[in-house]
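Asks: Below are the structure tokens for one structure; questions will follow.
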Amino acid sequence: MLSDCLFCKIAAGEIPSEKVYEDGSVYAFRDINPQAPVHILVIPKQHVDSAAEISEENSALAARCFEAIAKIAAAEGLGSGFRVITNVGEDAGQTVRHLHFHLLGGVKMGEGLL
Ligand code: 5GP
Ligand code: ZN
């Protein structure tokens with residue numbers, strides 16, 4: 001855990017969040033500023049800066065996140081579809097340097113990403 005990382009603190013329960021899912025390696029909670037009717041952040045409990053730091057050594061953490069995403073999407077009733085986004089670095093507008101996947105759904109989204 002990084003002592004100055006917001007999402008490490010959220011995963012550890014030191015900062016409150018609206019939890020939707022938790023297992024041994026993944027924590028998921030509702031985004032404080034939702035961009036869709038369902039907007040959930042899915043994070044590995046272990047700190048990884050971003051998707052740019054996923055490697056052979058830690059890629060199981062990303063796999064665990066996607067296993068959780070499938071379960072959460074089903075539990076949230078997103079059978080008609082959803083979108084998963086991860087921002088990396090400045091150009092993508094990553095504001096929290098702890099790997100997180102935005103799970104967005106509950107609305108018909110446009111085809112474009114930008
Ligand atoms: P990024 O821009 O880094 O891809 O996404 C960071 C996300 O974290 C944003 O959507 C923002 O609304 C969300 N966020 C930032 N601080 C908090 C917080 O303290 N609690 C929750 N639940 N979400 C947060
Ligand atoms: Zn962290």
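Going by the structure tokens order, chains are called A, B, ..., each with residues numbered from 1, while ligands are numbered from 1 in the order shown.
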Using only C-alpha atoms and all ligand atoms, find each residue of chain A with at least one atom at most 9 Å away from an atom of ligand 1; report its shortest atom-to-atom pair and that distance in Å (one decimal), sort the rows by chain and rising residue number, and return the result as CSV.
Replies:
```
residue,atom,partner,partner_atom_place_in_ligand_line,distance
A:Leu6,CA,ligand 1,19 (O),6.9
A:Phe7,CA,ligand 1,19 (O),7.7
A:Ile10,CA,ligand 1,20 (N),7.6
A:Ile15,CA,ligand 1,19 (O),7.5
A:Pro16,CA,ligand 1,20 (N),7.7
A:Ser17,CA,ligand 1,22 (N),5.4
A:Glu18,CA,ligand 1,22 (N),6.7
A:Lys19,CA,ligand 1,22 (N),8.7
A:Phe29,CA,ligand 1,22 (N),6.1
A:Arg30,CA,ligand 1,22 (N),5.3
A:Asp31,CA,ligand 1,22 (N),4.1
A:Ile32,CA,ligand 1,22 (N),4.0
A:Asn33,CA,ligand 1,12 (O),4.3
A:Pro34,CA,ligand 1,12 (O),6.6
A:Gln35,CA,ligand 1,10 (O),7.7
A:His39,CA,ligand 1,10 (O),8.3
A:Ile40,CA,ligand 1,22 (N),8.3
A:Leu41,CA,ligand 1,8 (O),7.2
A:Ile85,CA,ligand 1,4 (O),7.9
A:Thr86,CA,ligand 1,4 (O),6.1
A:Asn87,CA,ligand 1,4 (O),4.7
A:Val88,CA,ligand 1,4 (O),7.4
A:Gly89,CA,ligand 1,3 (O),8.4
A:Ala92,CA,ligand 1,4 (O),7.7
A:Gly93,CA,ligand 1,2 (O),5.4
A:Gln94,CA,ligand 1,3 (O),3.6
A:Thr95,CA,ligand 1,3 (O),3.6
A:Val96,CA,ligand 1,3 (O),4.1
A:Arg97,CA,ligand 1,3 (O),6.7
A:His98,CA,ligand 1,3 (O),7.9
A:Leu99,CA,ligand 1,3 (O),8.3
A:His100,CA,ligand 1,4 (O),7.0
A:Phe101,CA,ligand 1,4 (O),7.8
A:His102,CA,ligand 1,4 (O),7.2
```
Asks: Kindly work out which residues sit at most 8 Å from ligand 2, using only C-alpha atoms and all ligand atoms, and give the list as a ChimeraX atom specification.
Replies: /A:1-9,45-49,97-99
Asks: With only C-alpha atoms as the counted atoms, please give the residues lying no more than 10 Å from stretch 66-82 of chain A, apart from itself and same-chain residues fewer than 3 positions off, as a list of chain:residue names.
Replies: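 Those residues are A:Val20, A:Tyr21, A:Glu22, A:Asp23, A:Ser25, A:Val26, A:Tyr27, A:Ala28, A:Val38, A:His39, A:Ile40, A:Leu41, A:Val42, A:Ile43, A:Ala60, A:Leu61, A:Ala62, A:Ala63, A:Phe101, A:His102, A:Leu103, A:Leu104, A:Gly105, A:Gly106, A:Val107, A:Lys108, A:Met109.
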Asks: For the structure I just gave you, how does DSSP split chain A - specifically, which residues are alpha helix (DSSP H)? Reply as a ChimeraX atom specification.
Replies: /A:6-11,59-75,89-92
Asks: Residues of chain A classed as strand (DSSP E or B) by DSSP on the backbone are to be reported as a PyMOL selection string.
Replies: chain A and resi 19-22+26-30+38-44+82-85+101-105
Asks: For atom CA of A:Ala36 and atom CA of A:Cys65, determine how far apart the two atoms are, in Å to one decimal place.
Replies: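 One can read the atom CA of A:Ala36 to atom CA of A:Cys65 distance as 19.9 Å.
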Asks: If I take atom CA of A:Ser59 and atom CA of A:Gly24, how far is one from the other in Å, to one decimal?
Replies: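 Here the two named atoms are 15.5 Å from each other.
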Asks: Please measure the separation of atom CA of A:Val84 and atom CA of A:Ile54, giving the value in Å to one decimal.
Replies: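 A separation of 16.6 Å between them.
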